[in-house]
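Shown here: data-v8.cif, mmCIF, C-alpha atoms.
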data_final
#
loop_
_atom_site.label_atom_id
_atom_site.label_comp_id
_atom_site.auth_asym_id
_atom_site.auth_seq_id
_atom_site.Cartn_x
_atom_site.Cartn_y
_atom_site.Cartn_z
CA MET A 1 105.49 94.24 59.65
CA GLN A 2 105.72 94.54 63.44
CA SER A 3 108.32 92.29 65.04
CA ASN A 4 107.53 89.87 67.84
CA LEU A 5 109.57 91.24 70.73
CA TYR A 6 108.97 88.25 72.99
CA LYS A 7 110.10 85.65 70.47
CA GLU A 8 113.14 87.65 69.39
CA ALA A 9 114.25 88.51 72.93
CA LYS A 10 113.73 84.98 74.25
CA GLN A 11 116.71 83.70 72.28
CA TYR A 12 119.14 86.44 73.39
CA TYR A 13 117.72 87.47 76.77
CA HIS A 14 120.65 86.27 78.92
CA GLN A 15 123.09 88.05 76.60
CA LEU A 16 121.09 91.29 76.57
CA VAL A 17 120.33 91.20 80.32
CA PRO A 18 123.28 89.62 82.17
CA ASP A 19 122.86 87.75 85.45
CA ARG A 20 123.91 89.31 88.75
CA GLU A 21 127.58 88.29 88.70
CA ASP A 22 128.15 89.22 85.03
CA GLY A 23 126.30 92.50 85.49
CA LEU A 24 128.38 93.49 88.51
CA VAL A 25 131.59 92.63 86.61
CA LEU A 26 130.39 94.82 83.74
CA LEU A 27 129.63 97.74 86.06
CA ALA A 28 132.99 97.39 87.82
CA LEU A 29 134.77 97.44 84.45
CA PHE A 30 132.88 100.54 83.35
CA GLN A 31 133.57 102.32 86.62
CA GLN A 32 137.29 101.68 86.25
CA TYR A 33 137.84 102.16 82.49
CA GLU A 34 134.71 103.81 80.98
CA ASP A 35 135.60 104.63 77.33
CA ARG A 36 139.26 103.59 77.65
CA GLU A 37 140.74 100.33 76.37
CA PHE A 38 141.71 97.45 78.66
CA SER A 39 143.30 94.03 78.38
CA GLU A 40 141.95 90.56 79.14
CA GLU A 41 144.21 90.38 82.21
CA GLN A 42 142.57 93.53 83.53
CA ILE A 43 139.10 91.98 82.94
CA ILE A 44 140.13 88.86 84.87
CA ASP A 45 141.47 91.03 87.70
CA VAL A 46 138.07 92.75 87.95
CA ILE A 47 136.23 89.39 87.83
CA THR A 48 138.39 88.08 90.69
CA ARG A 49 137.76 91.17 92.84
CA VAL A 50 133.99 90.99 92.23
CA TYR A 51 133.75 87.28 93.11
CA LEU A 52 135.88 87.81 96.22
CA ASP A 53 133.54 90.61 97.31
CA LEU A 54 130.51 88.37 96.71
CA GLY A 55 132.14 85.47 98.57
CA HIS A 56 131.96 83.17 95.50
CA GLU A 57 135.68 82.82 94.72
CA ASN A 58 136.74 79.30 93.68
CA LYS A 59 140.38 79.13 92.51
CA ARG A 60 140.00 75.65 91.03
CA MET A 61 137.23 76.75 88.65
CA ALA A 62 138.48 80.32 88.14
CA TYR A 63 140.14 79.78 84.72
CA GLU A 64 137.09 78.25 83.06
CA ARG A 65 134.75 80.71 84.78
CA ASN A 66 136.77 83.74 83.63
CA ASN A 67 136.84 82.53 80.00
CA GLN A 68 133.06 81.99 79.99
CA ILE A 69 132.36 85.44 81.42
CA VAL A 70 134.66 87.17 78.90
CA HIS A 71 133.02 85.22 76.08
CA ARG A 72 129.47 86.10 77.26
CA LEU A 73 130.27 89.81 77.60
CA GLN A 74 131.58 89.95 74.03
CA GLU A 75 128.10 89.11 72.69
CA PHE A 76 126.59 92.57 73.24
CA PHE A 77 128.73 94.53 75.69
CA LEU A 78 132.46 94.41 74.74
CA TRP A 79 134.48 94.83 71.52
CA ARG A 80 137.65 92.71 71.13
CA ASP A 81 140.53 93.77 68.94
CA ARG A 82 142.01 90.42 67.92
CA ASN A 83 145.28 91.87 66.62
CA ARG A 84 146.05 94.07 69.62
CA LYS A 85 144.28 91.76 72.10
CA ILE A 86 142.51 94.62 73.87
CA TYR A 87 138.88 95.33 74.73
CA ARG A 88 136.59 98.33 74.95
CA PHE A 89 132.86 98.89 75.53
CA LYS A 90 130.30 98.59 72.76
CA LYS A 91 127.64 101.29 72.54
CA TYR A 92 125.00 99.00 74.07
CA GLY A 93 127.29 98.11 76.99
CA GLU A 94 128.16 101.75 77.60
CA GLU A 95 124.48 102.83 77.57
CA PHE A 96 123.57 99.87 79.82
CA CYS A 97 126.07 100.95 82.51
CA LYS A 98 125.33 104.68 82.16
CA ARG A 99 121.60 104.06 82.50
CA ILE A 100 122.07 102.14 85.75
CA GLY A 101 124.50 104.77 87.07
CA LYS A 102 122.12 107.60 86.20
CA ARG A 103 119.18 105.88 87.89
CA LEU A 104 121.14 105.23 91.09
CA ALA A 105 122.49 108.80 91.17
CA GLU A 106 119.20 110.47 90.23
CA THR A 107 117.64 112.52 93.01
CA TYR A 108 114.30 114.19 93.50
CA SER A 109 114.34 117.79 92.19
CA PRO A 110 111.15 119.88 92.47
CA ALA A 111 112.86 122.84 90.75
CA LYS A 112 113.73 120.66 87.77
CA ILE A 113 110.15 119.38 87.55
CA LYS A 114 108.77 122.91 87.61
CA ARG A 115 111.15 123.96 84.83
CA ILE A 116 110.13 121.00 82.69
CA PHE A 117 106.42 121.71 83.10
CA ASN A 118 106.81 125.40 82.33
CA TYR A 119 108.83 124.43 79.26
CA LEU A 120 106.16 121.97 78.08
CA LEU A 121 103.31 124.44 78.53
CA ASP A 122 105.20 127.31 76.87
CA THR A 123 106.22 125.22 73.86
CA PHE A 124 102.68 123.84 73.58
CA LEU A 125 101.12 127.31 73.47
CA LYS A 126 103.79 128.44 71.01
CA SER A 127 103.07 125.49 68.68
CA LEU A 128 99.40 126.57 68.45
CA THR A 129 100.34 129.93 66.91
CA THR A 130 103.61 129.21 65.07
CA LYS A 131 103.38 128.48 61.36
CA GLY A 132 104.67 125.04 60.43
CA GLU A 133 104.11 123.64 63.92
CA ASP A 134 101.09 121.85 65.38
CA PHE A 135 100.15 119.53 68.24
CA ASN A 136 101.77 116.47 66.64
CA THR A 137 105.14 118.21 66.20
CA TRP A 138 104.99 119.38 69.83
CA VAL A 139 104.42 115.80 71.04
CA GLU A 140 107.27 114.47 68.90
CA ASP A 141 109.80 117.26 69.59
CA HIS A 142 109.07 118.13 73.22
CA PHE A 143 106.56 115.95 75.07
CA ASN A 144 108.03 112.49 74.36
CA ALA A 145 111.49 113.35 75.70
CA ARG A 146 110.36 115.32 78.75
CA SER A 147 107.64 112.88 79.82
CA ASN A 148 110.30 110.23 80.50
CA GLU A 149 112.17 112.58 82.86
CA LEU A 150 108.97 113.34 84.76
CA ALA A 151 108.10 109.64 85.05
CA GLU A 152 111.57 109.00 86.53
CA GLN A 153 110.92 111.56 89.29
CA ILE A 154 107.74 109.71 90.33
CA GLU A 155 109.61 106.39 90.34
CA ILE A 156 112.32 107.94 92.54
CA LEU A 157 109.72 108.99 95.11
CA ASP A 158 108.18 105.52 95.14
CA GLN A 159 111.65 103.99 95.49
CA GLN A 160 112.38 106.24 98.48
CA VAL A 161 109.27 104.90 100.23
CA SER A 162 110.37 101.31 99.59
CA GLU A 163 113.91 102.03 100.80
CA SER A 164 112.61 103.63 104.02
CA VAL A 165 110.52 100.55 104.82
CA LYS A 166 113.39 98.22 103.86
CA GLU A 167 115.83 100.18 106.06
CA PHE A 168 113.45 99.92 108.99
CA LYS A 169 113.08 96.12 108.55
CA VAL A 170 116.86 95.56 108.23
CA LYS A 171 117.90 97.76 111.14
CA PHE A 172 115.13 96.41 113.37
CA LYS A 173 116.69 92.95 113.12
CA THR A 174 120.11 94.36 114.10
CA GLN A 175 121.14 93.80 117.70
CA HIS A 176 121.71 96.70 120.11
CA VAL A 177 119.78 99.18 117.94
CA ASN A 178 117.76 101.99 119.47
CA ILE A 179 114.31 101.00 118.20
CA LEU A 180 112.52 104.20 119.21
CA LYS A 181 115.17 106.36 117.57
CA LEU A 182 114.99 104.21 114.43
CA ILE A 183 111.20 104.52 114.28
CA ASP A 184 111.41 108.26 114.73
CA THR A 185 113.95 108.52 111.89
CA VAL A 186 111.83 106.43 109.51
CA SER A 187 108.66 108.39 110.37
CA LYS A 188 110.40 111.71 109.67
CA GLY A 189 111.73 110.29 106.41
CA LEU A 190 108.24 109.29 105.31
CA GLU A 191 106.95 112.76 106.19
CA ILE A 192 109.64 114.30 103.98
CA ILE A 193 108.74 111.95 101.12
CA LYS A 194 105.05 112.79 101.51
CA ALA A 195 105.90 116.50 101.40
CA HIS A 196 107.84 115.84 98.19
CA ALA A 197 104.84 113.99 96.78
CA ALA A 198 102.63 116.98 97.63
CA ASP A 199 105.11 119.34 95.92
CA LEU A 200 105.14 117.08 92.88
CA THR A 201 101.33 117.00 92.82
CA ASN A 202 101.26 120.81 92.86
CA ALA A 203 103.77 120.88 90.02
CA PHE A 204 101.62 118.47 88.03
CA GLN A 205 98.72 120.93 88.21
CA THR A 206 100.15 122.25 84.95
CA THR A 207 98.80 119.08 83.31
CA TYR A 208 95.30 120.49 83.80
CA ASP A 209 96.33 123.59 81.83
CA ILE A 210 97.58 121.32 79.05
CA ASP A 211 94.32 119.32 79.18
CA GLU A 212 92.32 122.55 78.77
CA GLN A 213 94.26 123.46 75.64
CA ILE A 214 93.79 119.92 74.31
CA GLN A 215 90.04 120.25 74.86
CA THR A 216 90.11 123.38 72.71
CA ILE A 217 91.77 121.38 69.92
CA LEU A 218 89.16 118.63 70.26
CA GLU A 219 86.36 121.13 69.87
CA SER A 220 87.89 122.50 66.66
CA ALA A 221 86.91 121.21 63.22
CA ASN A 222 90.42 119.92 62.33
CA ALA A 223 91.03 117.69 65.37
CA PHE A 224 91.07 114.35 63.54
CA PRO A 225 94.83 114.22 62.64
CA PHE A 226 95.70 114.79 66.32
CA LEU A 227 93.40 112.22 67.96
CA ASP A 228 96.07 109.55 68.61
CA ASN A 229 98.52 111.97 70.24
CA ILE A 230 95.72 113.68 72.18
CA ARG A 231 94.72 110.32 73.62
CA LYS A 232 98.39 109.61 74.44
CA VAL A 233 98.94 112.91 76.31
CA GLN A 234 95.65 112.71 78.21
CA HIS A 235 96.38 109.13 79.25
CA TYR A 236 99.85 110.13 80.46
CA ASN A 237 98.50 113.08 82.49
CA ASN A 238 95.85 110.91 84.17
CA GLN A 239 98.41 108.19 84.83
CA VAL A 240 100.98 110.41 86.58
CA ARG A 241 98.31 112.03 88.74
CA THR A 242 97.08 108.56 89.75
CA HIS A 243 100.63 107.38 90.58
CA LEU A 244 101.26 110.40 92.79
CA GLU A 245 98.02 109.79 94.64
CA GLN A 246 99.01 106.15 95.14
CA ILE A 247 102.34 107.20 96.70
CA SER A 248 100.56 109.44 99.21
CA VAL A 249 98.02 106.70 100.01
CA ARG A 250 100.86 104.20 100.44
CA ILE A 251 102.59 106.48 102.96
CA ASP A 252 99.31 107.05 104.80
CA LYS A 253 98.91 103.26 105.12
CA ILE A 254 102.49 102.72 106.36
CA LYS A 255 102.48 105.36 109.13
CA PRO A 256 99.55 103.89 111.15
CA GLN A 257 101.32 100.52 111.03
CA ILE A 258 104.46 102.14 112.45
CA ARG A 259 102.44 103.85 115.20
CA GLU A 260 100.78 100.52 116.04
CA PHE A 261 104.21 98.89 116.14
CA ILE A 262 105.44 101.63 118.52
CA PHE A 263 102.49 101.01 120.86
CA ASP A 264 103.00 97.23 120.82
CA PHE A 265 106.73 97.60 121.31
CA ASN A 266 106.31 99.97 124.26
CA GLN A 267 103.78 97.62 125.85
CA ARG A 268 106.05 94.60 125.43
CA GLU A 269 109.05 96.58 126.67
CA LEU A 270 107.13 97.66 129.78
CA ASP A 271 106.08 94.05 130.43
CA ARG A 272 109.68 92.84 130.02
CA LYS A 273 111.05 95.50 132.38
CA THR A 274 108.34 94.81 134.95
CA ASP A 275 109.02 91.07 134.77
CA ARG A 276 112.78 91.58 135.21
CA PHE A 277 112.21 93.94 138.13
CA ILE A 278 109.92 91.46 139.95
CA HIS A 279 112.39 88.61 139.43
CA TYR A 280 115.21 90.83 140.67
CA LEU A 281 113.25 91.61 143.83
CA LEU A 282 112.47 87.92 144.40
CA ASP A 283 116.10 86.91 143.92
CA HIS A 284 117.82 89.65 145.96
CA SER A 285 115.35 90.73 148.65
CA THR A 286 115.91 89.53 152.24
CA TYR A 287 113.84 89.17 155.45
CA GLN A 288 114.70 90.68 158.78
CA ARG A 289 113.09 89.08 161.89
CA SER A 290 111.88 91.39 164.62
CA GLY A 291 110.37 89.31 167.40
CA ILE A 292 107.63 87.27 165.86
CA GLN A 293 107.32 89.60 162.83
CA LYS A 294 109.27 89.43 159.59
CA ARG A 295 110.18 92.54 157.63
CA MET A 296 111.20 92.43 153.96
CA GLU A 297 114.36 94.32 153.05
CA LEU A 298 114.74 95.41 149.42
CA PRO A 299 118.09 94.99 147.65
CA PRO A 300 120.54 97.87 148.30
CA SER A 301 120.36 99.00 144.66
CA VAL A 302 116.58 99.61 144.91
CA PRO A 303 115.71 102.95 146.55
CA PRO A 304 113.06 102.78 149.29
CA PHE A 305 109.52 103.59 148.29
CA MET A 306 106.23 103.71 150.14
CA ILE A 307 103.82 100.87 149.38
CA ARG A 308 100.99 101.91 151.73
CA ARG A 309 100.25 104.73 154.15
CA ASP A 310 97.98 104.24 157.14
CA ASP A 311 97.32 107.97 157.54
CA SER A 312 96.06 108.58 154.05
CA ILE A 313 95.27 112.24 153.42
CA SER A 314 91.77 113.00 152.23
CA ARG A 315 91.51 114.99 149.03
CA PHE A 316 88.66 117.31 148.16
CA TYR A 317 87.76 118.43 144.66
CA ILE A 318 85.84 121.68 144.18
CA VAL A 319 83.27 121.46 141.41
CA SER A 320 81.50 124.53 140.08
CA SER A 321 77.70 124.44 140.10
CA ARG A 322 77.83 125.47 136.47
CA ASP A 323 79.39 122.11 135.63
CA LEU A 324 76.51 120.26 137.34
CA LEU A 325 73.62 122.18 135.76
CA PRO A 326 72.34 121.26 132.30
CA LYS A 327 73.72 123.39 129.52
CA PRO A 328 71.35 125.92 127.95
CA PRO A 329 69.94 124.96 124.55
CA ILE A 330 71.80 126.21 121.52
CA SER A 331 69.74 128.09 118.99
CA ILE A 332 69.58 126.44 115.58
CA ALA A 333 70.87 128.56 112.75
CA VAL A 334 68.31 128.99 109.98
CA ARG A 335 69.94 128.73 106.56
CA GLN A 336 68.75 131.09 103.88
CA ILE A 337 68.45 129.77 100.34
CA ASN A 338 69.47 132.14 97.58
CA GLU A 339 66.56 131.60 95.22
CA GLU A 340 68.08 133.70 92.45
CA LYS A 341 71.32 131.69 92.44
CA LYS A 342 69.32 128.46 92.69
CA GLN A 343 67.29 129.36 89.61
CA GLU A 344 70.46 130.26 87.71
CA MET A 345 71.97 126.86 88.55
CA ILE A 346 68.76 125.06 87.51
CA ILE A 347 68.64 126.92 84.18
CA ASN A 348 72.33 126.28 83.53
CA ASN A 349 71.98 122.56 84.32
CA GLN A 350 68.91 122.31 82.11
CA ARG A 351 70.82 123.96 79.26
CA ILE A 352 73.75 121.55 79.64
CA LEU A 353 71.38 118.56 79.83
CA HIS A 354 69.54 119.78 76.72
CA LEU A 355 72.80 120.04 74.77
CA LYS A 356 73.85 116.55 75.86
CA ASN A 357 70.46 115.16 74.81
CA ARG A 358 70.81 116.85 71.41
CA VAL A 359 74.27 115.29 70.96
CA VAL A 360 72.82 111.85 71.79
CA PHE A 361 69.92 112.46 69.37
CA TRP A 362 72.15 113.42 66.41
CA THR A 363 74.59 110.60 67.19
CA ASN A 364 71.71 108.12 66.94
CA VAL A 365 70.61 109.77 63.67
CA ALA A 366 74.10 109.31 62.23
CA LYS A 367 74.30 105.70 63.40
CA SER A 368 70.91 104.83 61.90
CA ARG A 369 71.85 106.37 58.52
CA ILE A 370 75.09 104.36 58.46
CA GLN A 371 73.21 101.14 59.27
CA GLU A 372 70.41 101.81 56.76
CA THR A 373 72.37 103.13 53.75
CA GLY A 374 75.81 101.69 54.50
CA SER A 375 77.51 105.09 54.30
CA LEU A 376 77.29 108.62 55.62
CA ASP A 377 78.56 111.95 54.27
CA PHE A 378 79.29 113.48 57.65
CA SER A 379 80.28 116.87 56.19
CA ILE A 380 76.70 117.40 54.98
CA LEU A 381 75.29 116.10 58.26
CA PHE A 382 77.55 118.51 60.18
CA PHE A 383 75.96 121.58 58.55
CA GLU A 384 72.48 120.01 58.83
CA ILE A 385 73.01 119.73 62.62
CA LEU A 386 74.36 123.28 62.73
CA LYS A 387 71.22 124.62 61.04
CA GLU A 388 68.84 122.64 63.30
CA GLU A 389 70.71 123.79 66.42
CA GLN A 390 70.63 127.44 65.28
CA GLY A 391 74.38 127.80 64.86
CA ASN A 392 75.41 126.17 68.17
CA LEU A 393 78.80 124.66 67.24
CA PHE A 394 78.99 122.54 70.42
CA VAL A 395 76.44 119.94 69.22
CA PRO A 396 77.95 119.07 65.79
CA VAL A 397 81.51 119.02 67.19
CA ARG A 398 80.57 116.67 70.06
CA THR A 399 78.54 114.53 67.63
CA ALA A 400 81.60 114.24 65.37
CA GLN A 401 83.73 113.07 68.31
CA ARG A 402 81.20 110.42 69.29
CA ILE A 403 80.80 109.14 65.71
CA LEU A 404 84.57 108.87 65.23
CA LYS A 405 84.80 106.90 68.47
CA TYR A 406 81.86 104.70 67.42
CA CYS A 407 83.46 103.93 64.02
CA LYS A 408 87.04 103.40 65.26
CA ASP A 409 86.95 99.65 64.42
CA LYS A 410 88.70 99.57 61.02
CA VAL A 411 87.41 96.05 60.32
CA ILE A 412 83.79 97.24 60.31
CA TYR A 413 84.03 100.89 59.22
CA GLN A 414 86.15 102.86 56.78
CA ILE A 415 86.62 106.61 57.27
CA ASN A 416 87.74 108.60 54.21
CA ILE A 417 88.87 112.19 54.76
CA GLN A 418 89.65 114.53 51.86
CA THR A 419 91.49 117.80 52.39
CA GLU A 420 88.95 119.54 50.18
CA ALA A 421 86.98 122.07 52.23
CA GLU A 422 83.22 121.64 52.70
CA THR A 423 81.25 124.89 53.33
CA ASP A 424 77.68 126.10 53.61
CA ARG A 425 76.27 129.40 52.36
CA HIS A 426 74.54 130.07 55.67
CA TYR A 427 77.80 129.64 57.65
CA GLN A 428 80.53 130.91 55.34
CA HIS A 429 82.96 131.45 58.25
CA ILE A 430 82.98 127.70 59.01
CA SER A 431 84.64 125.05 56.83
CA LEU A 432 85.70 121.44 57.41
CA TRP A 433 87.27 118.64 55.43
CA LYS A 434 85.01 116.28 53.55
CA MET A 435 84.55 113.11 55.56
CA ASN A 436 82.71 110.00 54.42
CA ILE A 437 82.03 106.99 56.68
CA ARG A 438 81.32 103.63 55.02
CA LYS A 439 80.33 100.35 56.61
CA ILE A 440 82.42 97.58 55.02
CA SER A 441 81.21 94.51 56.94
#
Please express what this file holds, its structure, as structure tokens.
Amino acid sequence: MQSNLYKEAKQYYHQLVPDREDGLVLLALFQQYEDREFSEEQIIDVITRVYLDLGHENKRMAYERNNQIVHRLQEFFLWRDRNRKIYRFKKYGEEFCKRIGKRLAETYSPAKIKRIFNYLLDTFLKSLTTKGEDFNTWVEDHFNARSNELAEQIEILDQQVSESVKEFKVKFKTQHVNILKLIDTVSKGLEIIKAHAADLTNAFQTTYDIDEQIQTILESANAFPFLDNIRKVQHYNNQVRTHLEQISVRIDKIKPQIREFIFDFNQRELDRKTDRFIHYLLDHSTYQRSGIQKRMELPPSVPPFMIRRDDSISRFYIVSSRDLLPKPPISIAVRQINEEKKQEMIINNQRILHLKNRVVFWTNVAKSRIQETGSLDFSILFFEILKEEQGNLFVPVRTAQRILKYCKDKVIYQINIQTEAETDRHYQHISLWKMNIRKIS
């Protein structure tokens, strides 16, 4: 019976997932002692250093606080030897700290990703031809472990984007920071991350090769035992490709905002400098009287510049007559249609549409027989379809896939599969397991 994770975890959540202070104490202990033993005095020394660093130290409450922390950590994270009065990490506590350390130290590695994908594809192809191995064993032995490593690489890229934006927001609020230099640094960082995302997308092209091989399995007669794992692998491949696309889209949305911020900042900075300059002139300029006229003298720190010239020099611009005349009309290119290729495409599309219509037709036939009689021997129907479609294996295989999907609700339908082979004298090279579908409600 499946356990209720929510109800079970609710009671022990704070012990399994410590709060910030307890977690930092645990990480500091692991960094200092790892798999070695340590005393309670050494634990208290670490607690004191952590709380001093966080600015939460309270000497009056320290004794009670230290005892509570030590007691809480013993629940799931620390072993206590009562006779020797020493402590060491439990397996859960050790894995908890190592997992956090690994995630913080993990870096983006395109070479590692490429090696993993090549490994997955090679082992997948090998499992198709090796006796004793099949798609399910490949998923269990190879795909499950490696897929987690690949997912971590995508999360690292997304985290790098978040950290770049966070760094920009924090440093922007810092006084005496060179804003333009900061913006340039963040923009270059985002470009690097986007390049990494593009590299990762190229590496994930191998997932299409895996999907092609999976499609071959689906089209075979013995695909039923692999349907759950096929759905799992296809969902994972689509998911990682979507996540990578989202990272690139996220970067594309951030960069225009940064450019807009640069423009606004430059405009405000120009306005501020202009305003300061005008006020400086008003405060430090003087007037010199010459007879009845007054002449403004700029401050000594402002170099002289010409405001207006009475003898303005005329400027002439030479324009070519060619620029004034209307441009000659451009001849329109006449596109030639390749009628032969067009007919080939029409015929091919008609053939594909015909096959799809035949699959829909036979699927409806199977559904109606199940509804009318309450059961269906699909093995017999498979060869009946094969005969009617003149040996075209595509139609019965696709029909089988659609019927299995239609009858996936175990409350309404029951699918019985026997490993006994079903054959037909007209197609002796084709055999499939006997499959009976029964409507139970």
- Reference answer for the PyMOL selection byres ((chain A and resi 46) around 12), as JSON, numbers by chain: {"A": [21, 22, 24, 25, 26, 27, 28, 29, 30, 31, 32, 33, 38, 39, 40, 41, 42, 43, 44, 45, 47, 48, 49, 50, 51, 52, 53, 66, 69, 70]}
Give me the residues near Leu376 in chain A as a tab-separated table (two decimals) with C-alpha atoms, in the frame of the given file, where near means some atom within 6 Å (using only C-alpha atoms) and where sequence neighbours in that chain fewer than 2 positions away do not count.
chain	number	residue	atom	x	y	z
A	370	ILE	CA	75.09	104.36	58.46
A	378	PHE	CA	79.29	113.48	57.65
A	436	ASN	CA	82.71	110.00	54.42
A	437	ILE	CA	82.03	106.99	56.68
- What lies within 7 Å of range 208-222 of chain A using only C-alpha atoms, ignoring chain neighbours under 4 positions off, as a list in words? Leu121, Ile230, Gln234, Val397 and Leu432 of chain A
- May I ask which of the residues A:Phe224, A:Tyr12, A:Phe277, A:Tyr317 is the closest one to Leu298 in chain A, counting only C-alpha atoms? A:Phe277
- Query: Could you work out how far CA of Arg231 in chain A lies from CA of Leu150 in chain A, giving the answer in Å with one decimal?
  - Reply: 18.3 Å
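Shell of range 424-431 of chain A at 10 Å, with only C-alpha atoms counted and residues fewer than 6 places along the chain excluded, is Ala221, Asn222, Ser379, Ile380, Phe383, Glu384, Leu386, Lys387, Gly391 and Leu393 of chain A.
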- Any chance you could work out the residue set of the PyMOL selection byres ((chain A and resi 359) around 8) here, as a count of residues only? 12
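Taking all atoms listed in the file into account, Thr242 in chain A lies nearest to A:Ile154 out of the set A:Asn348, A:Ile154, A:Ser321, A:Gln371.
Compared by their closest atoms to Lys405 in chain A, and using all atoms listed in the file, the residues A:Ile318, A:Leu227, A:Leu353, A:Met435 rank with A:Leu227 nearest.
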Calculate, to one decimal in Å, the centre and edge lengths of the box along x, y and z of the file that holds all listed atoms of range 294-302 of chain A with 3 Å of margin on each side, and present them as AutoDock Vina command-line options.
--center_x 114.9 --center_y 94.5 --center_z 152.1 --size_x 17.3 --size_y 16.2 --size_z 20.9
- Query: Where does the PyMOL selection byres ((chain A and resi 86) around 8) land in this file, that is, which residues does it pick, as number ranges by chain?
  - Reply: A: 37-40, 80-82, 84-85, 87-88
Could the residues in this selection be saved with C-alpha atoms as a CSV table (one decimal), in the frame of the given file?
chain,number,residue,atom,x,y,z
A,37,GLU,CA,140.7,100.3,76.4
A,38,PHE,CA,141.7,97.4,78.7
A,39,SER,CA,143.3,94.0,78.4
A,40,GLU,CA,142.0,90.6,79.1
A,80,ARG,CA,137.6,92.7,71.1
A,81,ASP,CA,140.5,93.8,68.9
A,82,ARG,CA,142.0,90.4,67.9
A,84,ARG,CA,146.0,94.1,69.6
A,85,LYS,CA,144.3,91.8,72.1
A,87,TYR,CA,138.9,95.3,74.7
A,88,ARG,CA,136.6,98.3,75.0
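Here CA of Ala223 in chain A stands at a distance of 14.7 Å from CA of Val139 in chain A.
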N, CA, C and O atoms modelled onto range 16-27 of chain A, as a tab-separated table (two decimals), in the coordinates of the input:
chain	number	residue	atom	x	y	z
A	16	LEU	N	121.50	89.88	76.47
A	16	LEU	CA	121.09	91.29	76.57
A	16	LEU	C	120.98	91.75	78.00
A	16	LEU	O	121.29	92.90	78.33
A	17	VAL	N	120.51	90.88	78.90
A	17	VAL	CA	120.33	91.20	80.32
A	17	VAL	C	121.17	90.22	81.11
A	17	VAL	O	120.73	89.09	81.36
A	18	PRO	N	122.39	90.58	81.49
A	18	PRO	CA	123.28	89.62	82.17
A	18	PRO	C	122.76	89.27	83.56
A	18	PRO	O	121.97	90.00	84.16
A	19	ASP	N	123.23	88.12	84.08
A	19	ASP	CA	122.86	87.75	85.45
A	19	ASP	C	123.63	88.64	86.44
A	19	ASP	O	124.42	89.51	86.05
A	20	ARG	N	123.39	88.39	87.72
A	20	ARG	CA	123.91	89.31	88.75
A	20	ARG	C	125.43	89.40	88.71
A	20	ARG	O	125.99	90.51	88.72
A	21	GLU	N	126.12	88.27	88.65
A	21	GLU	CA	127.58	88.29	88.70
A	21	GLU	C	128.16	88.97	87.47
A	21	GLU	O	129.03	89.85	87.57
A	22	ASP	N	127.65	88.60	86.26
A	22	ASP	CA	128.15	89.22	85.03
A	22	ASP	C	127.85	90.72	85.01
A	22	ASP	O	128.68	91.53	84.57
A	23	GLY	N	126.66	91.08	85.47
A	23	GLY	CA	126.30	92.50	85.49
A	23	GLY	C	127.19	93.32	86.41
A	23	GLY	O	127.60	94.43	86.07
A	24	LEU	N	127.52	92.78	87.58
A	24	LEU	CA	128.38	93.49	88.51
A	24	LEU	C	129.81	93.59	87.96
A	24	LEU	O	130.49	94.62	88.15
A	25	VAL	N	130.28	92.56	87.27
A	25	VAL	CA	131.59	92.63	86.61
A	25	VAL	C	131.59	93.73	85.57
A	25	VAL	O	132.53	94.53	85.46
A	26	LEU	N	130.51	93.80	84.78
A	26	LEU	CA	130.39	94.82	83.74
A	26	LEU	C	130.41	96.22	84.34
A	26	LEU	O	131.10	97.13	83.85
A	27	LEU	N	129.67	96.43	85.42
A	27	LEU	CA	129.63	97.74	86.06
A	27	LEU	C	130.98	98.11	86.68
A	27	LEU	O	131.40	99.27	86.63
